[in-house]
$ cat coords-v5.txt   # compact mmCIF, C-alpha atoms
# COMPACT_ATOMS: atom_id res chain seq x y z
CA MET A 11 52.80 81.33 50.31
CA ILE A 12 53.85 78.45 52.56
CA VAL A 13 52.64 80.25 55.66
CA SER A 14 49.28 81.10 54.18
CA SER A 15 48.65 77.58 52.87
CA ALA A 16 49.58 76.10 56.27
CA LEU A 17 47.17 78.51 57.93
CA MET A 18 44.40 77.64 55.47
CA ILE A 19 44.93 73.92 56.04
CA TRP A 20 44.65 74.47 59.79
CA LYS A 21 41.50 76.56 59.49
CA GLY A 22 40.03 74.05 57.08
CA LEU A 23 40.66 71.28 59.61
CA ILE A 24 38.90 73.30 62.30
CA VAL A 25 35.83 73.64 60.07
CA VAL A 26 35.79 70.00 58.92
CA THR A 27 36.14 68.49 62.38
CA GLY A 28 33.99 71.01 64.21
CA SER A 29 36.54 71.30 66.98
CA GLU A 30 38.39 74.48 67.90
CA SER A 31 41.62 72.52 68.31
CA PRO A 32 41.58 69.46 66.06
CA ILE A 33 45.11 68.27 66.85
CA VAL A 34 46.33 68.19 70.45
CA VAL A 35 49.44 66.94 72.21
CA VAL A 36 49.06 64.79 75.32
CA LEU A 37 50.75 66.62 78.19
CA SER A 38 50.35 64.35 81.20
CA GLY A 39 50.65 60.70 82.00
CA SER A 40 47.13 60.26 83.34
CA MET A 41 46.05 58.10 80.38
CA GLU A 42 48.99 55.72 80.39
CA PRO A 43 49.64 53.16 79.05
CA ALA A 44 47.40 54.21 76.17
CA PHE A 45 48.74 57.72 75.70
CA HIS A 46 52.09 58.97 76.84
CA ARG A 47 53.39 62.50 77.07
CA GLY A 48 54.16 63.71 73.58
CA ASP A 49 51.59 61.71 71.64
CA LEU A 50 49.35 63.39 69.12
CA LEU A 51 45.56 63.09 69.14
CA PHE A 52 43.13 63.94 66.33
CA LEU A 53 39.80 65.25 67.57
CA THR A 54 36.33 65.72 66.13
CA ASN A 55 33.45 67.52 67.74
CA PHE A 56 30.35 67.00 65.66
CA HIS A 57 27.27 68.49 67.21
CA ASP A 58 25.09 65.46 66.65
CA ASP A 59 27.58 62.98 68.08
CA PRO A 60 26.29 61.98 71.49
CA ILE A 61 28.69 61.56 74.39
CA ARG A 62 28.76 57.95 75.52
CA ALA A 63 30.56 56.03 78.24
CA GLY A 64 34.03 54.84 77.28
CA GLU A 65 34.78 57.67 74.88
CA ILE A 66 37.97 59.63 75.25
CA VAL A 67 37.13 63.33 75.44
CA VAL A 68 39.30 66.41 75.60
CA PHE A 69 37.67 69.02 77.78
CA LYS A 70 38.48 72.34 79.38
CA VAL A 71 37.49 73.09 82.93
CA GLU A 72 35.80 76.45 83.29
CA GLY A 73 38.37 79.05 84.17
CA ARG A 74 41.36 76.94 83.18
CA ASP A 75 43.23 77.11 79.90
CA ILE A 76 44.74 73.67 79.68
CA PRO A 77 42.59 70.98 78.05
CA ILE A 78 42.51 67.57 79.71
CA VAL A 79 42.30 64.19 77.95
CA HIS A 80 40.31 61.64 79.96
CA ARG A 81 37.69 58.94 79.52
CA VAL A 82 33.94 59.28 80.14
CA ILE A 83 32.74 56.89 82.85
CA LYS A 84 29.20 58.12 83.61
CA VAL A 85 26.58 59.66 81.38
CA HIS A 86 23.13 60.96 82.32
CA GLU A 87 21.13 62.31 79.42
CA LYS A 88 17.71 63.88 79.69
CA GLY A 89 14.99 63.57 77.08
CA ASN A 90 15.63 67.05 75.74
CA GLY A 91 19.26 66.26 74.90
CA ASN A 92 20.83 67.79 78.01
CA ILE A 93 23.85 65.65 78.87
CA LYS A 94 25.93 65.62 82.02
CA PHE A 95 28.90 63.31 82.34
CA LEU A 96 31.82 62.38 84.55
CA THR A 97 35.37 61.61 83.47
CA LYS A 98 38.38 59.79 84.86
CA GLY A 99 41.90 59.23 83.65
CA ASP A 100 42.81 55.59 83.03
CA ASN A 101 45.92 55.90 85.15
CA ASN A 102 44.20 57.76 87.99
CA GLU A 103 42.66 56.09 91.01
CA VAL A 104 39.77 58.51 91.42
CA ASP A 105 37.45 60.32 89.07
CA ASP A 106 37.99 63.90 87.95
CA ARG A 107 35.68 65.66 90.41
CA GLY A 108 38.80 66.97 92.13
CA LEU A 109 39.81 68.66 88.89
CA TYR A 110 36.51 70.34 88.18
CA LYS A 111 35.54 73.74 89.48
CA GLU A 112 34.60 74.10 93.13
CA GLY A 113 31.14 72.63 93.54
CA GLN A 114 30.98 71.28 90.03
CA ASN A 115 30.09 67.60 89.85
CA TRP A 116 29.45 67.07 86.17
CA LEU A 117 30.73 68.22 82.82
CA GLU A 118 28.53 69.39 80.01
CA LYS A 119 28.75 69.43 76.25
CA LYS A 120 29.98 73.00 76.21
CA ASP A 121 33.14 72.02 78.09
CA VAL A 122 34.15 69.53 75.42
CA VAL A 123 36.86 70.52 72.95
CA GLY A 124 36.56 67.27 71.02
CA ARG A 125 36.49 63.50 71.04
CA ALA A 126 39.71 61.61 70.34
CA ARG A 127 39.32 59.71 67.09
CA GLY A 128 42.88 59.14 65.90
CA PHE A 129 46.28 58.73 67.46
CA LEU A 130 49.90 59.19 66.40
CA PRO A 131 52.73 58.36 68.83
CA TYR A 132 55.74 60.54 69.75
CA VAL A 133 55.20 63.23 67.10
CA GLY A 134 54.06 65.83 69.61
CA MET A 135 57.33 65.66 71.56
CA VAL A 136 58.62 68.57 69.47
CA THR A 137 55.85 70.82 70.83
CA ILE A 138 56.60 69.77 74.40
CA ILE A 139 60.33 70.44 74.01
CA MET A 140 59.64 73.83 72.50
CA ASN A 141 57.28 74.72 75.33
CA ASP A 142 59.58 73.57 78.09
CA TYR A 143 62.76 75.06 76.64
CA PRO A 144 61.89 78.32 74.86
CA LYS A 145 65.55 78.88 74.02
CA PHE A 146 65.35 75.82 71.81
CA LYS A 147 62.44 77.36 69.94
CA TYR A 148 64.32 80.59 69.30
CA ALA A 149 67.44 78.69 68.23
CA LEU A 150 65.41 76.62 65.79
CA LEU A 151 63.78 79.71 64.30
CA ALA A 152 67.19 81.40 63.98
CA VAL A 153 68.71 78.39 62.22
CA MET A 154 65.76 78.10 59.84
CA GLY A 155 65.92 81.82 59.03
CA ALA A 156 69.67 81.65 58.41
CA TYR A 157 69.27 78.63 56.17
CA VAL A 158 66.60 80.33 54.06
CA LEU A 159 68.62 83.51 53.71
CA LEU A 160 71.96 81.89 53.00
CA LYS A 161 71.22 78.92 50.80
CA ARG A 162 72.32 79.14 47.20
CA GLU A 163 69.95 78.85 44.30
CA SER A 164 71.25 75.84 42.37
CA MET B 7 115.87 87.31 -20.50
CA SER B 8 116.91 85.56 -17.42
CA ARG B 9 117.99 88.57 -15.63
CA SER B 10 115.11 91.03 -15.47
CA GLY B 11 116.82 93.66 -13.58
CA ALA B 12 116.17 94.71 -9.93
CA GLY B 13 113.38 92.50 -8.47
CA PRO B 14 112.31 91.87 -4.91
CA ALA B 15 115.16 91.20 -2.61
CA HIS B 16 114.10 87.64 -1.68
CA LEU B 17 114.16 86.55 -5.23
CA LEU B 18 117.61 87.81 -5.47
CA ALA B 19 118.43 85.95 -2.27
CA GLU B 20 116.95 82.68 -3.60
CA ARG B 21 119.18 82.81 -6.52
CA GLY B 22 122.11 84.07 -4.73
CA GLY B 23 122.54 81.72 -1.82
CA VAL B 24 122.17 83.61 1.47
CA ASP B 25 118.59 83.80 2.84
CA GLU B 26 118.22 87.42 3.55
CA ARG B 27 115.14 86.84 5.74
CA ALA B 28 117.20 85.08 8.32
CA SER B 29 119.36 88.12 8.92
CA PRO B 30 118.44 90.41 11.82
CA SER B 31 117.96 93.37 9.60
CA TRP B 32 115.29 91.72 7.53
CA SER B 33 111.88 93.18 7.73
CA PRO B 34 108.91 91.97 5.72
CA PRO B 35 108.56 93.78 2.47
CA ARG B 36 106.04 96.55 2.44
CA GLY B 37 102.62 95.39 1.28
CA ALA B 38 103.34 91.75 1.80
CA ARG B 39 100.59 89.84 3.52
CA PRO B 40 101.49 88.04 6.73
CA ARG B 41 101.34 84.33 6.46
CA PRO B 42 98.40 82.64 8.32
CA LEU B 43 99.26 81.02 11.62
CA PRO B 44 99.38 77.22 11.64
CA ALA B 45 96.04 75.63 12.57
CA VAL B 46 97.39 73.85 15.62
CA ALA B 47 97.92 76.97 17.72
CA ARG B 48 94.34 78.23 17.36
CA ALA B 49 92.67 75.60 19.51
CA ALA B 50 93.83 77.14 22.81
CA PRO B 51 92.02 80.48 23.06
CA LEU B 52 91.67 80.24 26.93
CA PRO B 53 93.23 82.83 29.08
CA ALA B 54 96.29 81.79 30.96
CA ALA B 55 94.55 81.22 34.25
CA ALA B 56 92.01 78.89 32.70
CA ARG B 57 94.64 76.31 32.18
CA PHE B 58 94.40 75.43 35.86
CA LEU B 59 90.67 74.73 35.89
CA PRO B 60 89.37 71.22 35.10
CA ARG B 61 88.31 70.72 31.53
CA PRO B 62 84.53 71.32 31.09
CA ARG B 63 84.01 68.26 28.94
CA ALA B 64 85.19 65.88 31.61
CA ARG B 65 82.89 67.21 34.38
CA PRO B 66 79.55 65.43 33.75
CA ALA B 67 81.20 62.02 33.61
CA ARG B 68 83.02 62.60 36.86
CA ALA B 69 79.96 63.95 38.61
CA ALA B 70 77.89 60.93 37.62
CA ALA B 71 80.49 58.60 39.02
CA ALA B 72 80.73 60.53 42.28
CA ALA B 73 77.02 61.06 43.03
CA PRO B 74 75.58 58.49 45.45
CA ALA B 75 72.61 56.25 44.86
CA GLY B 76 70.60 58.12 47.53
CA PRO B 77 67.66 60.44 46.90
CA SER B 78 69.60 63.70 47.11
CA GLY B 79 72.55 64.91 45.17
CA GLU B 80 75.68 66.21 46.86
CA MET B 81 77.14 64.27 49.75
CA ASN B 82 80.32 66.13 50.17
CA THR B 83 80.07 67.35 53.76
CA VAL B 84 79.10 65.69 57.00
CA LEU B 85 76.23 68.13 57.38
CA SER B 86 74.65 67.36 54.04
CA ARG B 87 75.05 63.65 54.66
CA ALA B 88 73.41 63.95 58.03
CA ASN B 89 70.65 66.04 56.51
CA SER B 90 69.85 63.53 53.76
CA LEU B 91 70.00 60.62 56.18
CA PHE B 92 67.67 62.33 58.59
CA ALA B 93 65.17 63.31 55.89
CA PHE B 94 65.24 59.83 54.40
CA SER B 95 64.68 58.06 57.71
CA LEU B 96 61.83 60.43 58.55
CA SER B 97 60.09 59.63 55.29
CA VAL B 98 60.58 55.90 55.77
CA MET B 99 59.12 56.07 59.27
CA ALA B 100 56.18 58.12 58.04
CA ALA B 101 55.49 55.60 55.30
CA LEU B 102 55.66 52.69 57.77
CA THR B 103 53.32 54.45 60.18
CA PHE B 104 50.85 55.14 57.40
CA GLY B 105 51.11 51.52 56.32
CA CYS B 106 50.34 50.39 59.88
CA PHE B 107 47.28 52.60 59.91
CA ILE B 108 45.88 51.81 56.49
CA THR B 109 46.24 48.02 56.76
CA THR B 110 44.11 47.87 59.89
CA ALA B 111 41.76 50.81 59.47
CA PHE B 112 38.77 48.81 58.28
CA LYS B 113 39.08 45.68 60.33
CA GLU B 114 36.15 44.21 62.21
CA ARG B 115 36.96 44.41 65.90
CA SER B 116 33.97 42.79 67.56
CA VAL B 117 33.90 39.34 69.16
CA PRO B 118 31.16 37.46 71.00
CA VAL B 119 31.03 37.99 74.74
CA ARG B 120 29.19 36.13 77.47
CA ILE B 121 28.09 38.02 80.57
CA ALA B 122 26.18 36.53 83.46
CA VAL B 123 24.93 38.28 86.58
CA SER B 124 24.74 36.30 89.76
CA ARG B 125 23.60 38.85 92.34
CA VAL B 126 21.95 42.23 92.39
CA THR B 127 21.53 44.35 95.54
CA LEU B 128 20.16 47.84 95.95
CA LYS B 129 20.71 50.48 98.65
CA ASN B 130 19.80 54.09 99.03
CA VAL B 131 22.48 56.26 100.55
CA GLU B 132 23.91 59.72 100.27
CA ASP B 133 26.09 59.91 97.17
CA PHE B 134 29.47 60.44 98.77
CA THR B 135 31.28 60.45 95.44
CA GLY B 136 29.78 63.73 94.35
CA PRO B 137 26.37 65.34 94.72
CA ARG B 138 25.36 64.99 98.31
CA GLU B 139 21.86 63.69 97.67
CA ARG B 140 20.31 60.43 98.58
CA SER B 141 20.60 58.26 95.50
CA ASP B 142 20.19 54.66 94.60
CA LEU B 143 23.36 52.61 94.91
CA GLY B 144 23.46 49.30 93.10
CA PHE B 145 25.70 46.30 93.67
CA VAL B 146 26.14 43.77 90.90
CA THR B 147 28.15 40.55 90.97
CA PHE B 148 28.93 39.27 87.49
CA ASP B 149 30.83 36.76 85.35
CA ILE B 150 32.47 37.59 82.02
CA THR B 151 33.77 35.17 79.41
CA ALA B 152 35.34 36.42 76.20
CA ASP B 153 38.16 35.50 73.85
CA LEU B 154 39.80 38.61 72.46
CA GLN B 155 42.72 36.88 70.74
CA SER B 156 41.54 37.70 67.22
CA ILE B 157 41.50 41.44 67.84
CA PHE B 158 45.20 41.77 68.58
CA ASP B 159 47.34 42.39 65.50
CA TRP B 160 50.46 44.37 64.63
CA ASN B 161 48.69 47.67 65.09
CA VAL B 162 46.94 47.11 68.43
CA LYS B 163 48.86 48.41 71.44
CA GLN B 164 46.23 47.74 74.08
CA LEU B 165 42.53 47.18 74.64
CA PHE B 166 40.72 49.17 77.29
CA LEU B 167 37.84 46.94 78.36
CA TYR B 168 34.90 48.29 80.30
CA LEU B 169 31.64 46.85 81.53
CA SER B 170 28.89 49.44 81.34
CA ALA B 171 25.34 49.40 82.61
CA GLU B 172 22.78 51.21 80.47
CA TYR B 173 19.27 52.00 81.58
CA SER B 174 16.66 54.69 81.50
CA THR B 175 14.81 56.30 84.36
CA LYS B 176 12.10 58.87 84.97
CA ASN B 177 14.68 61.57 85.49
CA ASN B 178 16.95 60.76 82.59
CA ALA B 179 16.14 59.19 79.25
CA LEU B 180 19.55 57.53 79.05
CA ASN B 181 22.04 56.60 81.75
CA GLN B 182 25.34 54.86 81.32
CA VAL B 183 27.60 53.90 84.20
CA VAL B 184 30.90 52.09 83.89
CA LEU B 185 31.05 49.42 86.57
CA TRP B 186 34.38 47.81 85.89
CA ASP B 187 37.32 48.25 83.55
CA LYS B 188 40.57 46.55 82.68
CA ILE B 189 43.57 47.38 80.57
CA MET B 190 44.70 44.49 78.40
CA LEU B 191 48.07 45.07 76.77
CA ARG B 192 49.32 43.17 73.75
CA GLY B 193 51.02 40.13 75.16
CA ASP B 194 48.66 39.74 78.13
CA ASN B 195 46.38 36.75 78.29
CA PRO B 196 43.59 37.59 75.83
CA ARG B 197 41.10 35.09 77.17
CA LEU B 198 38.87 36.62 79.80
CA SER B 199 37.28 34.22 82.19
CA LEU B 200 36.17 36.12 85.26
CA LYS B 201 33.84 34.74 87.88
CA ASP B 202 32.02 36.49 90.72
CA MET B 203 33.53 39.88 90.05
CA LYS B 204 32.40 42.83 92.14
CA SER B 205 32.04 46.18 90.45
CA LYS B 206 35.11 48.39 90.67
CA TYR B 207 33.21 51.67 90.75
CA PHE B 208 30.19 52.73 92.73
CA PHE B 209 26.98 52.29 90.81
CA PHE B 210 25.23 55.48 91.86
CA ASP B 211 22.22 56.64 89.95
CA ASP B 212 21.43 60.30 89.38
CA GLY B 213 18.41 60.13 91.62
CA ASN B 214 16.37 57.14 92.68
CA GLY B 215 15.80 55.47 89.37
CA LEU B 216 17.24 52.04 90.03
CA LYS B 217 14.54 50.87 92.38
CA GLY B 218 12.17 48.61 90.57
CA ASN B 219 13.87 49.22 87.27
CA ARG B 220 13.13 46.23 85.11
CA ASN B 221 15.75 46.67 82.46
CA ILE B 222 19.40 47.35 83.20
CA THR B 223 21.54 46.19 80.29
CA LEU B 224 25.14 45.21 80.92
CA THR B 225 27.50 45.21 77.93
CA LEU B 226 31.23 44.67 77.61
CA SER B 227 32.91 47.14 75.26
CA TRP B 228 36.48 47.97 74.44
CA ASN B 229 38.49 50.86 73.14
CA VAL B 230 41.11 49.70 70.67
CA VAL B 231 44.29 51.76 71.13
CA PRO B 232 46.47 51.34 68.02
CA ASN B 233 50.17 51.97 67.49
CA ALA B 234 49.03 54.63 65.04
CA GLY B 235 45.61 55.26 63.58
CA ILE B 236 41.95 55.28 64.50
CA LEU B 237 40.68 54.81 68.09
CA PRO B 238 37.45 52.89 67.70
CA LEU B 239 34.98 51.96 70.42
CA VAL B 240 33.66 48.47 69.84
CA THR B 241 30.87 46.71 71.70
CA GLY B 242 31.06 42.99 72.14
CA SER B 243 28.16 41.06 70.76
CA GLY B 244 26.33 39.63 73.72
CA HIS B 245 24.71 41.50 76.55
CA VAL B 246 22.56 40.69 79.54
CA SER B 247 19.59 42.52 81.00
CA VAL B 248 18.89 42.41 84.68
CA PRO B 249 16.03 43.76 86.70
CA PHE B 250 16.69 45.55 89.94
CA PRO B 251 14.82 44.69 93.11
CA ASP B 252 11.88 46.73 94.34
CA THR B 253 13.16 47.10 97.86
CA TYR B 254 16.25 48.51 99.44
CA GLU B 255 18.69 46.28 101.24
CA THR B 256 19.17 47.61 104.72
CA THR B 257 21.58 45.05 106.10
CA LYS B 258 25.32 45.64 105.96
CA SER B 259 25.94 42.84 103.50
CA TYR B 260 27.82 42.95 100.25
$ encode --input "coords-v5.txt" --output "structure tokens"
Amino acid sequence: MIVSSALMIWKGLIVVTGSESPIVVVLSGSMEPAFHRGDLLFLTNFHDDPIRAGEIVVFKVEGRDIPIVHRVIKVHEKGNGNIKFLTKGDNNEVDDRGLYKEGQNWLEKKDVVGRARGFLPYVGMVTIIMNDYPKFKYALLAVMGAYVLLKRES
Amino acid sequence: MSRSGAGPAHLLAERGGVDERASPSWSPPRGARPRPLPAVARAAPLPAAARFLPRPRARPARAAAAAPAGPSGEMNTVLSRANSLFAFSLSVMAALTFGCFITTAFKERSVPVRIAVSRVTLKNVEDFTGPRERSDLGFVTFDITADLQSIFDWNVKQLFLYLSAEYSTKNNALNQVVLWDKIMLRGDNPRLSLKDMKSKYFFFDDGNGLKGNRNITLTLSWNVVPNAGILPLVTGSGHVSVPFPDTYETTKSY
């Protein structure tokens, strides 16, 4: 019951925000001092929202799994709605062309996972700890399972 | 007649003197009903072991005196105390964070901004930052004056300021290029008064659309980064439009 309602809330969020991953954890320090490792970001990805300079976008480079959170610094939009844009992390000296695929100079709308709209500090640290130390994740699951099985009904 | 003959033995004993019931050989007369037990003994029907348990009636009063004023009940082990403390502090922090967010979610974050452009130069070189095509490269020298003091409040961690140039060309209906940016943390001097600033980033166009372009609009915008909550993009009220020259600068000046 709890598991299915959590799953439904997550799927509902995906539908409402239009993004495949509406809540992400910041993994690197390339957007400091705004976002630090372990902060939580809430994303939206509405189709009619245009990409504009200054926005913080989460994108995936083709062929790579890990999404990147950086800021848009250049936008070139054609009349038919075709947009190409360039990103750069606030804490980086150079733009992201080194991170894109070989030969790729611009990002397009299809690479975008979402736009950062909301922010919550520190909460994502739990995810980072569980990713970096899988033993901790298993220990936590074991403790939770033991607690559920052994607690008394009052 | 006073003497009725042989009656029950006890009657004889009452008259006679010696209480026959007290003697070891006495047994209750057949048919006689046993006397009811005194009322006092009946109130203890518990089994022997129950004598060592605490009396049920006393328990609620004792429990009320022992329970703490906190939100959960039992506090009788270190683990349950730590658990309640942890849960309570988590809920307090969540409430504070939500309070931070909701008290500043609908605030107006725009202030007037003054931008002035003192020099505009145009060159046409190979775009060494990316696509290796000959593109227009612009150089803009500008002044910015703004007072951002009123934006900072308890929920603003930093402002990411950026000066962007917006224009349209034959190739692209809309172009936006960020020329300069600055991170202003809470506690830094909020009054911007910059003179003769050169652009931080190369102003390359996607093509050759800057030459002769009459209308390049420079605006100062900022991204408000809160302690917790919404990340809005706000544009300062006040922009400047500059035309670009019709010819390329071929000297090595800038």
$ closest_atom_pairs --input "coords-v5.txt" --of "chain A" --to "chain B" --cutoff "8 Å" --atoms "all atoms listed in the file" --output "JSON lines"
{"residue": "A:Ala44", "atom": "CA", "partner": "B:Val231", "partner_atom": "CA", "distance": 6.4}
{"residue": "A:Arg62", "atom": "CA", "partner": "B:Gln182", "partner_atom": "CA", "distance": 7.4}
{"residue": "A:Ala63", "atom": "CA", "partner": "B:Gln182", "partner_atom": "CA", "distance": 6.2}
{"residue": "A:Gly64", "atom": "CA", "partner": "B:Tyr168", "partner_atom": "CA", "distance": 7.3}
{"residue": "A:Glu65", "atom": "CA", "partner": "B:Leu239", "partner_atom": "CA", "distance": 7.2}
{"residue": "A:Ile83", "atom": "CA", "partner": "B:Val184", "partner_atom": "CA", "distance": 5.2}
{"residue": "A:Lys84", "atom": "CA", "partner": "B:Val183", "partner_atom": "CA", "distance": 4.6}
{"residue": "A:Val85", "atom": "CA", "partner": "B:Gln182", "partner_atom": "CA", "distance": 5.0}
{"residue": "A:His86", "atom": "CA", "partner": "B:Asn181", "partner_atom": "CA", "distance": 4.5}
{"residue": "A:Glu87", "atom": "CA", "partner": "B:Leu180", "partner_atom": "CA", "distance": 5.0}
{"residue": "A:Lys88", "atom": "CA", "partner": "B:Asn178", "partner_atom": "CA", "distance": 4.3}
{"residue": "A:Gly89", "atom": "CA", "partner": "B:Ala179", "partner_atom": "CA", "distance": 5.0}
{"residue": "A:Arg107", "atom": "CA", "partner": "B:Gly136", "partner_atom": "CA", "distance": 7.4}
{"residue": "A:Asn115", "atom": "CA", "partner": "B:Gly136", "partner_atom": "CA", "distance": 5.9}
{"residue": "A:Ala126", "atom": "CA", "partner": "B:Leu237", "partner_atom": "CA", "distance": 7.2}
{"residue": "A:Arg127", "atom": "CA", "partner": "B:Leu237", "partner_atom": "CA", "distance": 5.2}
{"residue": "A:Gly128", "atom": "CA", "partner": "B:Ile236", "partner_atom": "CA", "distance": 4.2}
{"residue": "A:Phe129", "atom": "CA", "partner": "B:Gly235", "partner_atom": "CA", "distance": 5.2}
{"residue": "A:Leu130", "atom": "CA", "partner": "B:Ala234", "partner_atom": "CA", "distance": 4.8}
{"residue": "A:Pro131", "atom": "CA", "partner": "B:Ala234", "partner_atom": "CA", "distance": 6.5}
$ closest_residue --input "coords-v5.txt" --among "A:His80, A:His46, A:Asp59, A:Gly73" --to "Val104 (chain A)" --atoms "all atoms listed in the file"
A:His80
$ atom_distance --input "coords-v5.txt" --atom1 "CA of Lys204 (chain B)" --atom2 "CA of Leu154 (chain B)"
21.4 Å
$ closest_residue --input "coords-v5.txt" --among "B:Asp252, B:Arg138, B:Thr241, B:Pro196" --to "Arg220 (chain B)" --atoms "only C-alpha atoms"
B:Asp252
$ atom_distance --input "coords-v5.txt" --atom1 "CA of Leu200 (chain B)" --atom2 "CA of Val126 (chain B)"
17.0 Å
$ closest_residue --input "coords-v5.txt" --among "B:Ala111, B:Leu96, B:Leu128, B:Leu102" --to "Asp142 (chain B)" --atoms "only C-alpha atoms"
B:Leu128
$ atom_distance --input "coords-v5.txt" --atom1 "CA of Val79 (chain A)" --atom2 "CA of Val67 (chain A)"
5.8 Å
$ closest_residue --input "coords-v5.txt" --among "B:Asn195, B:Ser141, B:Asn214, B:Thr127" --to "Asp153 (chain B)" --atoms "all atoms listed in the file"
B:Asn195
$ residues_around --input "coords-v5.txt" --residues "Thr54 (chain A)" --least-positions-apart "3" --cutoff "8 Å" --atoms "all atoms listed in the file" --output "ChimeraX atom specification"
/A:27-29,32,124-127
$ residues_around --input "coords-v5.txt" --residues "Gly39 (chain A)" --least-positions-apart "4" --cutoff "10 Å" --atoms "all atoms listed in the file" --output "PyMOL selection string"
chain A and resi 43-48+79+99-102
$ residues_around --input "coords-v5.txt" --residues "region 13-25 of chain A" --least-positions-apart "6" --cutoff "12 Å" --atoms "all atoms listed in the file" --output "list in words"
Ser31, Pro32, Ile33, Phe52, Leu53, Thr54, Asn55, Phe56, Val123 and Gly124 of chain A
$ axis_aligned_box --input "coords-v5.txt" --around "region 45-58 of chain A" --padding-each-side "3 Å" --output "JSON"
{"center_x": 39.6, "center_y": 63.1, "center_z": 71.4, "size_x": 35.1, "size_y": 16.8, "size_z": 17.4}
$ residues_around --input "coords-v5.txt" --residues "Pro249 (chain B)" --least-positions-apart "5" --cutoff "8 Å" --atoms "only C-alpha atoms" --output "list in words"
Gly218, Asn219, Arg220, Asn221 and Ile222 of chain B
$ decode --input "coords-v5.txt" --residues "region 107-123 of chain B" --atoms "N, CA and C atoms" --output "CSV table (one decimal), in the first residue's frame"
chain,number,residue,atom,x,y,z
B,107,PHE,N,10.3,29.1,2.5
B,107,PHE,CA,9.9,29.1,1.2
B,107,PHE,C,8.6,29.9,1.0
B,108,ILE,N,7.6,29.7,1.9
B,108,ILE,CA,6.3,30.3,1.6
B,108,ILE,C,6.2,31.8,1.9
B,109,THR,N,7.1,32.2,2.8
B,109,THR,CA,7.1,33.7,3.1
B,109,THR,C,7.7,34.5,2.0
B,110,THR,N,8.5,33.9,1.1
B,110,THR,CA,9.1,34.7,0.1
B,110,THR,C,8.8,34.2,-1.3
B,111,ALA,N,7.8,33.3,-1.4
B,111,ALA,CA,7.5,32.8,-2.7
B,111,ALA,C,6.9,33.8,-3.7
B,112,PHE,N,6.2,34.8,-3.2
B,112,PHE,CA,5.5,35.6,-4.1
B,112,PHE,C,6.0,37.0,-4.1
B,113,LYS,N,7.3,37.2,-3.7
B,113,LYS,CA,7.8,38.5,-3.6
B,113,LYS,C,8.2,39.0,-5.0
B,114,GLU,N,8.1,40.4,-5.2
B,114,GLU,CA,8.6,41.0,-6.4
B,114,GLU,C,10.1,41.2,-6.3
B,115,ARG,N,10.8,40.7,-7.3
B,115,ARG,CA,12.2,40.7,-7.2
B,115,ARG,C,12.9,41.5,-8.3
B,116,SER,N,12.2,42.5,-8.8
B,116,SER,CA,12.8,43.3,-9.9
B,116,SER,C,13.1,44.7,-9.4
B,117,VAL,N,14.2,45.2,-9.8
B,117,VAL,CA,14.6,46.6,-9.4
B,117,VAL,C,15.0,47.3,-10.7
B,118,PRO,N,15.0,48.7,-10.7
B,118,PRO,CA,15.4,49.4,-11.9
B,118,PRO,C,16.9,49.3,-12.1
B,119,VAL,N,17.3,49.3,-13.3
B,119,VAL,CA,18.7,49.1,-13.7
B,119,VAL,C,19.1,50.1,-14.8
B,120,ARG,N,20.3,50.7,-14.7
B,120,ARG,CA,20.7,51.6,-15.7
B,120,ARG,C,21.9,51.0,-16.4
B,121,ILE,N,21.8,50.8,-17.7
B,121,ILE,CA,22.9,50.3,-18.5
B,121,ILE,C,23.3,51.4,-19.6
B,122,ALA,N,24.5,51.6,-19.8
B,122,ALA,CA,25.0,52.5,-20.8
B,122,ALA,C,26.1,51.8,-21.6
B,123,VAL,N,26.1,52.0,-22.9
B,123,VAL,CA,27.1,51.4,-23.7
B,123,VAL,C,28.0,52.5,-24.3
